[in-house]
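Below is the file entry-v9.csv, which contains CSV, C-alpha atoms and all ligand atoms.
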```csv
chain,number,residue,atom,x,y,z
A,274,GLU,CA,-80.0,-22.7,3.7
A,275,ILE,CA,-80.2,-26.5,4.3
A,276,TYR,CA,-77.4,-28.1,6.2
A,277,CYS,CA,-77.1,-31.8,5.3
A,278,ASP,CA,-73.4,-32.4,6.0
A,279,ASN,CA,-73.6,-33.4,9.7
A,280,ALA,CA,-70.9,-36.1,9.3
A,281,ALA,CA,-68.5,-33.3,8.6
A,282,THR,CA,-69.6,-31.3,11.5
A,283,THR,CA,-72.7,-30.3,13.5
A,284,ALA,CA,-74.2,-27.1,14.8
A,285,LEU,CA,-73.6,-26.3,18.5
A,286,ASP,CA,-76.6,-27.4,20.7
A,287,PRO,CA,-78.1,-24.4,22.6
A,288,GLU,CA,-77.7,-26.2,25.9
A,289,VAL,CA,-74.0,-26.6,25.1
A,290,ILE,CA,-73.7,-22.8,24.5
A,291,GLU,CA,-75.3,-22.1,27.8
A,292,ALA,CA,-73.0,-24.5,29.6
A,293,ILE,CA,-69.8,-23.0,28.2
A,294,LEU,CA,-70.7,-19.4,28.6
A,295,PRO,CA,-69.4,-19.0,32.2
A,296,PHE,CA,-66.1,-20.4,31.0
A,297,LEU,CA,-65.9,-17.8,28.3
A,298,THR,CA,-66.5,-15.1,30.9
A,299,GLN,CA,-65.9,-15.2,34.6
A,300,ASN,CA,-64.5,-18.8,35.0
A,301,PHE,CA,-61.2,-18.3,33.3
A,302,GLY,CA,-58.7,-19.7,35.8
A,303,ASN,CA,-56.0,-22.2,34.9
A,304,PRO,CA,-57.0,-25.6,36.2
A,305,SER,CA,-53.5,-26.3,37.4
A,306,SER,CA,-53.5,-23.2,39.6
A,307,THR,CA,-54.2,-24.0,43.3
A,308,HIS,CA,-56.1,-20.8,44.1
A,309,ALA,CA,-59.9,-20.7,44.1
A,310,ALA,CA,-60.2,-19.5,40.5
A,311,GLY,CA,-58.1,-22.5,39.4
A,312,ARG,CA,-59.8,-25.0,41.7
A,313,SER,CA,-63.3,-24.2,40.4
A,314,VAL,CA,-62.2,-24.8,36.8
A,315,LYS,CA,-60.4,-28.0,37.8
A,316,GLU,CA,-63.7,-29.1,39.4
A,317,ALA,CA,-65.5,-28.5,36.1
A,318,ILE,CA,-63.0,-30.6,34.2
A,319,ASP,CA,-63.3,-33.4,36.8
A,320,GLN,CA,-67.1,-33.3,36.5
A,321,SER,CA,-66.9,-33.4,32.7
A,322,ARG,CA,-64.6,-36.4,32.8
A,323,ASN,CA,-67.0,-38.1,35.2
A,324,THR,CA,-69.9,-37.4,32.9
A,325,VAL,CA,-68.1,-38.8,29.8
A,326,ALA,CA,-67.0,-41.9,31.7
A,327,ARG,CA,-70.4,-42.6,33.2
A,328,ILE,CA,-72.1,-42.3,29.8
A,329,LEU,CA,-69.6,-44.6,28.1
A,330,GLY,CA,-69.4,-47.2,30.9
A,331,ALA,CA,-65.8,-46.4,31.6
A,332,SER,CA,-64.0,-45.1,34.7
A,333,PRO,CA,-63.0,-41.4,34.8
A,334,GLY,CA,-59.3,-42.4,34.9
A,335,GLU,CA,-59.7,-44.0,31.5
A,336,ILE,CA,-60.9,-40.8,29.7
A,337,TYR,CA,-58.3,-38.2,28.5
A,338,PHE,CA,-59.2,-35.1,26.6
A,339,THR,CA,-57.4,-34.2,23.3
A,340,SER,CA,-57.8,-31.6,20.6
A,341,GLY,CA,-60.0,-33.9,18.6
A,342,ALA,CA,-60.2,-37.4,17.1
A,343,THR,CA,-57.2,-36.8,14.8
A,344,GLU,CA,-54.9,-36.2,17.7
A,345,ALA,CA,-56.6,-39.1,19.7
A,346,ASN,CA,-56.0,-41.5,16.8
A,347,ASN,CA,-52.4,-40.4,16.5
A,348,LEU,CA,-51.9,-40.8,20.3
A,349,ALA,CA,-53.5,-44.3,20.4
A,350,LEU,CA,-51.6,-45.7,17.4
A,351,THR,CA,-48.2,-44.1,17.9
A,352,GLY,CA,-48.4,-44.5,21.7
A,353,ALA,CA,-49.3,-48.2,21.4
A,354,ILE,CA,-46.7,-49.0,18.7
A,355,GLN,CA,-44.0,-47.3,20.7
A,356,THR,CA,-45.0,-48.6,24.1
A,357,TYR,CA,-45.5,-52.2,23.2
A,358,GLU,CA,-43.1,-52.4,20.3
A,359,ILE,CA,-45.9,-53.5,18.0
A,360,SER,CA,-44.6,-54.9,14.7
A,361,HIS,CA,-47.8,-55.7,12.9
A,362,VAL,CA,-51.0,-53.7,12.5
A,363,ILE,CA,-54.3,-54.8,10.9
A,364,THR,CA,-56.4,-52.1,9.4
A,365,SER,CA,-58.7,-51.5,6.4
A,366,LYS,CA,-58.4,-49.4,3.3
A,367,ILE,CA,-61.4,-47.3,4.4
A,368,GLU,CA,-60.1,-45.9,7.7
A,369,HIS,CA,-59.8,-42.2,8.3
A,370,LYS,CA,-56.6,-40.6,7.1
A,371,ALA,CA,-55.7,-39.8,10.7
A,372,VAL,CA,-55.3,-43.6,11.0
A,373,LEU,CA,-53.9,-44.4,7.6
A,374,GLN,CA,-51.3,-41.7,7.5
A,375,THR,CA,-50.1,-42.4,11.0
A,376,LEU,CA,-49.7,-46.0,10.1
A,377,ALA,CA,-48.0,-45.2,6.8
A,378,ARG,CA,-45.4,-43.2,8.6
A,379,HIS,CA,-44.6,-46.0,11.0
A,380,GLU,CA,-44.4,-48.4,8.1
A,381,LYS,CA,-42.0,-46.1,6.2
A,382,GLU,CA,-39.8,-45.8,9.3
A,383,GLY,CA,-39.7,-49.6,9.5
A,384,ASP,CA,-41.6,-49.9,12.8
A,385,ILE,CA,-44.5,-52.0,11.5
A,386,GLU,CA,-45.9,-54.1,8.7
A,387,ILE,CA,-49.5,-53.4,7.8
A,388,SER,CA,-52.1,-55.9,6.7
A,389,PHE,CA,-55.3,-54.7,5.2
A,390,VAL,CA,-58.3,-56.8,6.1
A,391,LYS,CA,-60.5,-57.8,3.2
A,392,LEU,CA,-63.8,-56.0,2.7
A,393,ASP,CA,-66.8,-57.6,1.2
A,394,GLU,CA,-68.7,-56.0,-1.8
A,395,ARG,CA,-70.5,-53.6,0.5
A,396,GLY,CA,-67.4,-52.6,2.4
A,397,HIS,CA,-67.9,-54.7,5.5
A,398,VAL,CA,-64.9,-56.2,7.3
A,399,ASP,CA,-64.4,-59.9,6.5
A,400,LEU,CA,-64.1,-61.3,10.1
A,401,TYR,CA,-62.9,-64.7,8.8
A,402,HIS,CA,-60.0,-63.0,7.1
A,403,LEU,CA,-59.4,-60.9,10.2
A,404,GLU,CA,-59.1,-64.1,12.3
A,405,ASN,CA,-56.7,-65.6,9.8
A,406,LEU,CA,-54.5,-62.5,10.0
A,407,LEU,CA,-54.6,-62.6,13.8
A,408,ARG,CA,-53.7,-66.2,14.0
A,409,ALA,CA,-50.7,-65.7,11.8
A,410,ASN,CA,-49.3,-62.6,13.5
A,411,PRO,CA,-48.5,-62.3,17.2
A,412,ARG,CA,-48.1,-58.8,18.7
A,413,THR,CA,-50.8,-57.3,16.5
A,414,LEU,CA,-52.6,-54.0,16.9
A,415,ILE,CA,-56.0,-53.8,15.2
A,416,THR,CA,-57.4,-50.5,14.2
A,417,LEU,CA,-60.8,-50.6,12.7
A,418,MET,CA,-63.4,-47.8,12.8
A,419,HIS,CA,-66.9,-48.3,14.2
A,420,ALA,CA,-68.9,-46.3,11.5
A,421,ASN,CA,-67.3,-45.1,8.3
A,422,ASN,CA,-67.6,-41.4,7.9
A,423,GLU,CA,-68.3,-41.5,4.1
A,424,ILE,CA,-70.4,-44.5,3.5
A,425,GLY,CA,-71.8,-45.0,7.0
A,426,ASN,CA,-71.0,-48.8,7.3
A,427,ILE,CA,-71.1,-50.1,10.8
A,428,THR,CA,-68.5,-52.6,11.9
A,429,ASP,CA,-69.1,-55.1,14.7
A,430,ILE,CA,-66.6,-53.8,17.2
A,431,HIS,CA,-68.0,-56.3,19.9
A,432,ALA,CA,-67.0,-59.2,17.7
A,433,ILE,CA,-63.6,-57.7,16.8
A,434,GLY,CA,-62.9,-57.0,20.5
A,435,VAL,CA,-63.5,-60.7,21.3
A,436,LEU,CA,-61.2,-61.8,18.5
A,437,ALA,CA,-58.5,-59.4,19.8
A,438,LEU,CA,-58.9,-60.9,23.3
A,439,ARG,CA,-58.7,-64.4,21.9
A,440,TYR,CA,-55.5,-63.7,19.9
A,441,ASN,CA,-53.9,-61.4,22.5
A,442,ALA,CA,-54.0,-58.4,20.2
A,443,ILE,CA,-54.7,-54.8,21.0
A,444,PHE,CA,-57.8,-53.2,19.6
A,445,HIS,CA,-58.2,-49.5,18.8
A,446,THR,CA,-61.4,-48.2,17.3
A,447,ASP,CA,-62.3,-44.8,15.9
A,448,THR,CA,-65.9,-44.1,17.1
A,449,THR,CA,-66.0,-40.5,15.9
A,450,GLN,CA,-69.2,-41.1,13.8
A,451,THR,CA,-71.0,-43.1,16.5
A,452,ILE,CA,-70.4,-41.4,19.8
A,453,GLY,CA,-73.7,-39.7,20.8
A,454,LYS,CA,-75.6,-41.8,18.3
A,455,VAL,CA,-75.1,-45.3,19.7
A,456,ARG,CA,-74.9,-46.4,23.3
A,457,PHE,CA,-71.7,-47.8,24.6
A,458,ASP,CA,-70.8,-49.8,27.7
A,459,LEU,CA,-67.1,-50.0,27.6
A,460,ASN,CA,-67.0,-52.2,30.7
A,461,GLN,CA,-68.6,-54.9,28.7
A,462,MET,CA,-66.5,-54.5,25.6
A,463,ASP,CA,-63.0,-55.7,24.8
A,464,ILE,CA,-61.6,-52.4,23.6
A,465,ASP,CA,-58.2,-51.0,24.4
A,466,PHE,CA,-58.4,-47.6,22.8
A,467,LEU,CA,-61.4,-45.7,21.5
A,468,VAL,CA,-61.7,-42.1,20.3
A,469,GLY,CA,-64.4,-39.4,19.7
A,470,SER,CA,-64.8,-35.8,18.8
A,471,ALA,CA,-67.3,-33.3,20.2
A,472,HIS,CA,-68.1,-31.4,17.0
A,473,LYS,CA,-69.7,-34.5,15.5
A,474,PHE,CA,-72.4,-34.5,18.3
A,475,HIS,CA,-73.3,-30.9,18.6
A,476,GLY,CA,-70.3,-29.9,20.7
A,477,PRO,CA,-67.4,-27.5,20.0
A,478,LYS,CA,-64.7,-28.0,17.5
A,479,GLY,CA,-61.1,-28.7,18.5
A,480,ILE,CA,-61.9,-31.0,21.4
A,481,GLY,CA,-62.1,-34.8,21.6
A,482,PHE,CA,-61.2,-37.6,23.8
A,483,ILE,CA,-59.5,-40.9,24.0
A,484,TYR,CA,-60.5,-43.8,26.2
A,485,ILE,CA,-57.5,-45.8,27.3
A,486,ASN,CA,-58.4,-49.0,29.0
A,487,LYS,CA,-57.0,-49.0,32.5
A,488,LYS,CA,-54.7,-51.9,31.5
A,489,HIS,CA,-52.6,-49.4,29.5
A,490,LYS,CA,-50.5,-46.4,30.0
A,491,ILE,CA,-49.0,-45.4,26.7
A,492,LYS,CA,-46.1,-43.1,25.7
A,493,PRO,CA,-47.5,-39.5,25.5
A,494,GLN,CA,-47.0,-37.7,22.2
A,495,ILE,CA,-47.3,-34.2,23.6
A,496,LEU,CA,-45.0,-33.5,26.5
A,497,GLY,CA,-45.3,-30.6,28.8
A,498,GLY,CA,-46.8,-29.9,32.2
A,499,GLY,CA,-48.1,-33.4,32.8
A,500,GLN,CA,-51.7,-32.6,32.3
A,501,GLU,CA,-54.3,-35.3,31.6
A,502,ASN,CA,-52.5,-37.6,34.1
A,503,GLY,CA,-49.3,-37.3,32.1
A,504,GLN,CA,-50.9,-38.6,28.9
A,505,ARG,CA,-51.1,-35.2,27.2
A,506,GLY,CA,-49.4,-32.1,28.1
A,507,GLY,CA,-50.8,-28.5,27.7
A,508,THR,CA,-53.2,-26.3,29.5
A,509,GLU,CA,-56.6,-27.9,29.1
A,510,ASN,CA,-59.2,-26.6,26.6
A,511,VAL,CA,-61.7,-25.9,29.4
A,512,ILE,CA,-64.4,-24.5,27.2
A,513,GLY,CA,-64.1,-27.5,24.9
A,514,ILE,CA,-64.1,-30.0,27.7
A,515,VAL,CA,-67.2,-28.6,29.4
A,516,GLY,CA,-68.9,-28.3,26.0
A,517,LEU,CA,-68.0,-31.9,25.0
A,518,ALA,CA,-69.4,-33.3,28.3
A,519,LYS,CA,-72.6,-31.3,27.9
A,520,ALA,CA,-73.0,-32.3,24.3
A,521,LEU,CA,-72.6,-36.0,25.2
A,522,GLU,CA,-75.0,-35.6,28.1
A,523,VAL,CA,-77.7,-34.1,25.8
A,524,ALA,CA,-77.0,-36.6,23.1
A,525,ASP,CA,-77.3,-39.5,25.5
A,526,ARG,CA,-80.5,-38.1,27.2
A,527,ASP,CA,-82.3,-37.7,23.8
A,528,LEU,CA,-80.7,-40.5,21.9
A,529,GLU,CA,-83.8,-42.6,21.1
A,530,VAL,CA,-85.9,-39.7,20.0
A,531,ASN,CA,-83.2,-38.1,17.9
A,532,GLN,CA,-82.0,-41.4,16.3
A,533,SER,CA,-85.5,-42.4,15.3
A,534,LYS,CA,-86.0,-39.0,13.7
A,535,VAL,CA,-82.7,-39.1,11.9
A,536,CYS,CA,-83.4,-42.7,10.8
A,537,ARG,CA,-86.8,-41.6,9.3
A,538,LEU,CA,-85.1,-38.8,7.5
A,539,LYS,CA,-82.7,-41.3,5.9
A,540,GLN,CA,-85.6,-43.6,5.0
A,541,TYR,CA,-87.6,-40.7,3.6
A,542,LEU,CA,-84.7,-39.6,1.4
A,543,ILE,CA,-84.2,-43.1,0.1
A,544,SER,CA,-87.9,-43.6,-0.7
A,545,LYS,CA,-88.2,-40.1,-2.3
A,546,LEU,CA,-85.2,-40.8,-4.5
A,547,ALA,CA,-86.7,-44.1,-5.6
A,548,ILE,CA,-89.8,-42.4,-6.9
A,549,SER,CA,-88.0,-39.3,-8.2
A,550,GLY,CA,-87.6,-40.6,-11.8
A,551,ILE,CA,-83.8,-40.2,-11.6
A,552,ALA,CA,-82.6,-43.5,-13.0
A,553,ASN,CA,-79.5,-45.5,-12.1
A,554,ILE,CA,-79.0,-44.2,-8.6
A,555,CYS,CA,-76.4,-46.4,-6.7
A,556,TYR,CA,-75.9,-46.5,-3.0
A,557,ASN,CA,-72.3,-46.8,-2.0
A,558,GLY,CA,-71.2,-49.2,0.7
A,559,ASP,CA,-74.2,-50.4,2.7
A,560,SER,CA,-75.5,-46.9,3.1
A,561,LYS,CA,-79.1,-47.9,2.1
A,562,SER,CA,-79.2,-50.2,5.1
A,563,ILE,CA,-80.8,-49.2,8.3
A,564,ASP,CA,-79.1,-51.9,10.5
A,565,ASN,CA,-75.7,-52.1,9.1
A,566,SER,CA,-75.1,-48.4,8.4
A,567,ILE,CA,-75.3,-45.4,10.6
A,568,THR,CA,-78.7,-43.7,10.7
A,569,SER,CA,-77.3,-40.3,9.7
A,570,VAL,CA,-75.5,-41.1,6.5
A,571,VAL,CA,-76.6,-41.8,2.9
A,572,ASN,CA,-74.0,-42.0,0.2
A,573,VAL,CA,-75.3,-42.0,-3.3
A,574,SER,CA,-73.8,-42.1,-6.8
A,575,PHE,CA,-75.9,-40.3,-9.3
A,576,PRO,CA,-75.8,-41.1,-13.0
A,577,CYS,CA,-73.9,-39.0,-15.6
A,578,LEU,CA,-73.0,-36.1,-13.4
A,579,THR,CA,-69.7,-35.8,-11.4
A,580,THR,CA,-69.7,-35.2,-7.7
A,581,GLU,CA,-68.3,-31.7,-8.3
A,582,SER,CA,-71.1,-30.6,-10.6
A,583,ILE,CA,-73.9,-32.0,-8.4
A,584,PHE,CA,-72.2,-30.5,-5.3
A,585,LYS,CA,-72.0,-27.0,-7.0
A,586,LYS,CA,-75.6,-27.1,-8.2
A,587,LEU,CA,-76.8,-28.1,-4.7
A,588,ASP,CA,-74.6,-25.5,-3.2
A,589,ALA,CA,-76.1,-22.8,-5.5
A,590,ALA,CA,-79.6,-24.0,-4.4
A,591,GLY,CA,-78.5,-23.4,-0.7
A,592,ILE,CA,-78.0,-27.1,0.1
A,593,ALA,CA,-74.8,-28.2,1.9
A,594,VAL,CA,-73.8,-31.8,1.3
A,595,SER,CA,-70.5,-33.4,0.8
A,596,GLY,CA,-68.7,-35.0,-2.1
A,597,GLY,CA,-66.6,-37.6,-0.4
A,598,SER,CA,-65.7,-36.3,3.1
A,599,ALA,CA,-64.6,-32.9,4.1
A,600,CYS,CA,-61.2,-34.4,4.8
A,601,SER,CA,-60.8,-36.0,1.4
A,602,ASN,CA,-61.8,-32.7,-0.2
A,603,LEU,CA,-58.4,-31.4,0.9
A,604,GLY,CA,-56.9,-34.1,-1.4
A,605,ASN,CA,-57.6,-34.7,-5.0
A,606,GLY,CA,-61.4,-34.7,-4.8
A,607,SER,CA,-61.9,-38.4,-5.2
A,608,SER,CA,-62.4,-40.6,-2.1
A,609,HIS,CA,-59.8,-43.1,-1.0
A,610,MET,CA,-62.6,-44.9,0.8
A,611,ILE,CA,-65.0,-45.3,-2.1
A,612,SER,CA,-62.2,-46.2,-4.4
A,613,ALA,CA,-61.3,-49.0,-2.1
A,614,LEU,CA,-64.8,-50.6,-2.5
A,615,PRO,CA,-65.1,-53.4,-5.1
A,616,CYS,CA,-68.0,-51.6,-6.9
A,617,GLN,CA,-66.8,-48.1,-7.0
A,618,ARG,CA,-68.1,-44.9,-8.6
A,619,ASP,CA,-65.9,-42.6,-6.6
A,620,LYS,CA,-66.1,-39.6,-9.0
A,621,GLU,CA,-69.8,-39.5,-8.6
A,622,ASN,CA,-70.6,-39.9,-4.9
A,623,VAL,CA,-72.6,-37.5,-2.8
A,624,ARG,CA,-73.0,-37.8,0.9
A,625,PHE,CA,-76.1,-36.6,2.7
A,626,SER,CA,-75.8,-36.6,6.5
A,627,PHE,CA,-78.6,-35.7,8.8
A,628,SER,CA,-78.9,-34.5,12.4
A,629,LYS,CA,-81.7,-33.8,14.8
A,630,PHE,CA,-81.9,-30.3,13.3
A,631,ASN,CA,-83.0,-31.5,9.9
A,632,ASP,CA,-86.7,-32.1,8.9
A,633,PHE,CA,-88.8,-33.7,6.2
A,634,ASP,CA,-89.4,-30.4,4.3
A,635,GLU,CA,-85.7,-30.2,3.8
A,636,VAL,CA,-85.6,-33.7,2.2
A,637,ASP,CA,-88.4,-32.6,-0.1
A,638,TYR,CA,-86.5,-29.6,-1.2
A,639,ILE,CA,-83.3,-31.6,-1.7
A,640,VAL,CA,-85.1,-34.2,-3.9
A,641,GLU,CA,-87.0,-31.5,-5.9
A,642,THR,CA,-83.6,-29.7,-6.5
A,643,LEU,CA,-82.0,-32.9,-7.7
A,644,VAL,CA,-85.0,-33.6,-10.0
A,645,GLY,CA,-84.6,-30.1,-11.3
A,646,ILE,CA,-80.9,-30.7,-12.0
A,647,TYR,CA,-81.7,-33.8,-13.9
A,648,GLY,CA,-84.6,-32.2,-15.7
A,649,SER,CA,-82.4,-29.4,-17.1
A,650,GLU,CA,-79.5,-31.8,-17.9
A,651,HIS,CA,-82.0,-33.9,-19.9
A,652,ALA,CA,-83.4,-30.8,-21.7
A,653,GLY,CA,-79.8,-29.6,-22.4
A,654,ARG,CA,-78.8,-33.0,-23.9
A,655,LYS,CA,-82.0,-33.1,-26.0
A,656,LYS,CA,-81.2,-29.6,-27.4
A,657,GLU,CA,-77.7,-30.7,-28.2
A,658,LYS,CA,-79.0,-33.6,-30.2
A,659,GLU,CA,-81.5,-31.5,-32.2
B,1,LIG,N1,-62.2,-40.0,12.4
B,1,LIG,C1,-63.4,-39.9,11.7
B,1,LIG,C2,-64.1,-41.2,11.5
B,1,LIG,C3,-63.9,-38.7,11.3
B,1,LIG,O1,-65.1,-38.7,10.7
B,1,LIG,C4,-63.2,-37.5,11.7
B,1,LIG,C5,-63.8,-36.2,11.2
B,1,LIG,N2,-63.9,-36.1,9.8
B,1,LIG,C6,-62.0,-37.6,12.3
B,1,LIG,C7,-61.6,-38.9,12.7
B,1,LIG,C8,-61.2,-36.4,12.7
B,1,LIG,O2,-61.8,-35.8,13.8
B,1,LIG,P1,-61.4,-34.3,14.3
B,1,LIG,O3,-62.0,-33.4,13.3
B,1,LIG,O4,-61.8,-34.2,15.7
B,1,LIG,O5,-59.9,-34.2,14.2
```
As C-alpha cells, what does this structure read like?
Ligand code: PMP
Amino acid sequence: EIYCDNAATTALDPEVIEAILPFLTQNFGNPSSTHAAGRSVKEAIDQSRNTVARILGASPGEIYFTSGATEANNLALTGAIQTYEISHVITSKIEHKAVLQTLARHEKEGDIEISFVKLDERGHVDLYHLENLLRANPRTLITLMHANNEIGNITDIHAIGVLALRYNAIFHTDTTQTIGKVRFDLNQMDIDFLVGSAHKFHGPKGIGFIYINKKHKIKPQILGGGQENGQRGGTENVIGIVGLAKALEVADRDLEVNQSKVCRLKQYLISKLAISGIANICYNGDSKSIDNSITSVVNVSFPCLTTESIFKKLDAAGIAVSGGSACSNLGNGSSHMISALPCQRDKENVRFSFSKFNDFDEVDYIVETLVGIYGSEHAGRKKEKE
C-alpha cells in the first residue's frame, strides 16, 4: 500500500502517539476541575499552548484550540463579520469550502458583499487587483489561504498582510497546508487571524487552532463553560491538544530535513513523468513549481482518462491519491478550485501529495503503474480499431 494523499490527511507520528498515551489512560481529569487530577491536565494544555505559540512566534494568549481548521475558519470569519460589522469581504474562488460556504451564508443573509480577487493563469492572486479592491472598499475583511490544498499554490501572505495594514483591512489566512512545513514568525507578520489543523502535520484528527491577534476579541460561536478564554466553549479535547503541540514540535524540529526530502520526491515524480512516455501531461495551477507551490503537492491532468478512472486504477494497484480534494469528493466529483482556473481540465486532475513517510521506490511504483495504465489503454484502443 502506498499512501500519497498527505494533503488530505497524514499518519500519526510515533512520537505523537507516545505523547498522548498518558492522556488516554491515567491522565483523564477535566482541565476545569480544581483538584490535582484536573490541575495536571490543565498544566498539559497550558504547556501545549505555549509550545504552539513559541513555534509560531505568537503569545500563548493568541492561540485557541478548536475542533479543526473548518471550525477555526468559521470562527474567524463569522466572529470578525459580527464583531466588526464587516460589510465587504475579499476572497478568491479557490479557497476551501469552509471559507466559501461561510461567506456565502453571510452574503445570503445580507451581511456582506463578496469580491473575488483575480487569479492569474496559474492561479496566483493578482496583488494589483487586490489593492484596487481594498482602495475602493473600507471595512474590508480579506480571507486568502496560504497554500492551496488541491494545486499547492503558495500565496504571499506577507505582502497581503502589509496591504491589509495600509488599507485598514482585517486579514484572515487559512494556513492548514503550510503549518509544520513552513516557518512562521507571527510577531513579524500583519495577520489578524490564522488557522491550522493537526492531522495535516502528523497529529490527531479533530483538533486544530486559531491564532487571534491580541488586538482582537471576537464573538464566540460556541457558547458554554467559557473555555479557551471565552472564545470557544466545551471541555477541551485534551488528547488532541497534547497531540497537536507534539506534532508541531516534531515538525518544527525536523522541518529542513523533511521538507528537503518531500521536495526531492516531488521533483523526482515530475522528472519521472517527463520521461514516462505519457504524452500531454498538464500540471494544474503552479504545482510544477518548487518555489511558488508547496513542496508536498503535485496536481496533474493526464490525457484521455478521467480522474475517476485513473483514481480507481491506482487504488486497485494499492496507491492512494486524490482526485480533487477529499472535501470536494463529497460534492459532484469535479473540483471548484480547478474549475476556477483559466486553463482548466478539472475532470482529469489527480493530486499526489507526499510526506516524510514516502520514499523514492514508491514514486517509481506510481509511475510504473501509470505507464501500465496507459500501455493497456493504448493496446485496448488499437484492438478496437483493428
Ligand atoms: N482548509 C484547508 C486548506 C484544508 O486543506 C482543510 C482540510 N482539507 C481544511 C481547511 C479543513 O480542515 P479540518 O479537516 O481540520 O476541518
Surrounding residues of Gln374 (chain A) excluding itself and chain neighbours under 2 positions, 12 Å, all atoms listed in the file, as a ChimeraX atom specification: /A:343,346-347,350-351,364,366-372,376-381,387
Among listed residues A:Leu373, A:Ile551, A:Val530, A:Ala280, nearest Asn572 (chain A) (using all atoms listed in the file):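 Smallest separation from Asn572 (chain A) among the options: A:Ala280.
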How close does each residue of region 277-356 of chain A get to region 474-478 of chain A, giving the shortest atom pair and distance in Å to one decimal for every residue with an atom at most 6 Å away, counting all atoms listed in the file, sorted by chain and residue number, as CSV?
```
residue,atom,partner,partner_atom,distance
A:Thr283,CA,A:His475,CA,5.2
A:Ala284,CA,A:His475,CA,5.4
A:Leu285,CA,A:His475,CA,4.6
A:Asp286,CA,A:His475,CA,5.2
```
Residue among A:Ala547, A:Leu406, A:Ile328, A:Ala310 lying closest to Ala520 (chain A), counting only C-alpha atoms: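 Closest candidate: A:Ile328.
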Residue among A:Asn421, A:Thr413, A:Asn460, A:Ser569 lying closest to ligand LIG 1 (chain B), counting all atoms listed in the file: A:Asn421
Shell of 8 Å around ligand LIG 1 (chain B) (all atoms listed in the file), written as number ranges by chain: A: 280-282, 340-344, 346, 368-372, 418, 420-423, 447-450, 469-473, 478-481, 598-600
Pick from A:Phe584, A:Tyr556, A:Phe444, A:Phe633, whichever lies nearest to Asn426 (chain A) using only C-alpha atoms: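 Nearest candidate to Asn426 (chain A) out of A:Phe584, A:Tyr556, A:Phe444, A:Phe633: A:Tyr556.
For the pair CA of Glu581 (chain A) and CA of Ile646 (chain A), the separation is 13.2 Å.
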Between CA of Ile483 (chain A) and CA of Val468 (chain A), distance in Å (one decimal):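 Between these atoms lies a distance of 4.5 Å.
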Close residues, Val644 (chain A) itself excluded, 9 Å, all atoms listed in the file, min 5 positions apart in chain, as JSON, numbers by chain: {"A": [549, 550, 551, 639, 649]}
Just to be explicit: take each residue in the selection above, keep C-alpha atoms, and write the result as a PDB file, in the frame of the given file.
```pdb
ATOM      1  CA  SER A 549     -88.000 -39.300  -8.200  1.00  0.00           C
ATOM      2  CA  GLY A 550     -87.600 -40.600 -11.800  1.00  0.00           C
ATOM      3  CA  ILE A 551     -83.800 -40.200 -11.600  1.00  0.00           C
ATOM      4  CA  ILE A 639     -83.300 -31.600  -1.700  1.00  0.00           C
ATOM      5  CA  SER A 649     -82.400 -29.400 -17.100  1.00  0.00           C
TER       6      SER A 649
END
```
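If only C-alpha atoms are the atoms counted, then among A:Val636, A:Ala437, A:Ile424, A:Asp429 the closest residue to Asn405 (chain A) is A:Ala437.
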Got a sec: who's within 10 Å of Leu578 (chain A), counting only C-alpha atoms, leaving out chain neighbours fewer than 3 positions off, as an mmCIF file with C-alpha atoms, in the frame of the given file?
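Written file, out.cif:
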```
data_model
loop_
_atom_site.group_PDB
_atom_site.id
_atom_site.type_symbol
_atom_site.label_atom_id
_atom_site.label_comp_id
_atom_site.auth_asym_id
_atom_site.auth_seq_id
_atom_site.Cartn_x
_atom_site.Cartn_y
_atom_site.Cartn_z
ATOM 1 C CA SER A 574 -73.800 -42.100 -6.800
ATOM 2 C CA PHE A 575 -75.900 -40.300 -9.300
ATOM 3 C CA GLU A 581 -68.300 -31.700 -8.300
ATOM 4 C CA SER A 582 -71.100 -30.600 -10.600
ATOM 5 C CA ILE A 583 -73.900 -32.000 -8.400
ATOM 6 C CA PHE A 584 -72.200 -30.500 -5.300
ATOM 7 C CA LYS A 620 -66.100 -39.600 -9.000
ATOM 8 C CA GLU A 621 -69.800 -39.500 -8.600
ATOM 9 C CA ASN A 622 -70.600 -39.900 -4.900
ATOM 10 C CA ILE A 646 -80.900 -30.700 -12.000
ATOM 11 C CA TYR A 647 -81.700 -33.800 -13.900
ATOM 12 C CA GLU A 650 -79.500 -31.800 -17.900
#
```
Test item: residues at most 12 Å from Gly311 (chain A), all atoms listed in the file, excluding those fewer than 4 positions along its chain, as JSON, numbers by chain: {"A": [296, 299, 300, 301, 302, 303, 304, 305, 306, 307, 315, 316, 317, 318, 508, 509, 511]}
Nearest to Leu348 (chain A) by atom-to-atom distance, counting all atoms listed in the file, from A:Ile495, A:Ile415, A:Val640, A:Ala331: A:Ile495
Atomic distance CA of Glu404 (chain A) - CA of Leu436 (chain A), expressed in Å with one decimal: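 Result for CA of Glu404 (chain A) versus CA of Leu436 (chain A): 6.9 Å, one decimal.
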Residues within 10 Å of Asp399 (chain A), only C-alpha atoms, excluding chain neighbours under 5 positions, as a list in words: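 Neighbouring residues, sequence-local ones excluded: Val390, Lys391, Leu392, Asp393, Glu404 and Thr428 of chain A.
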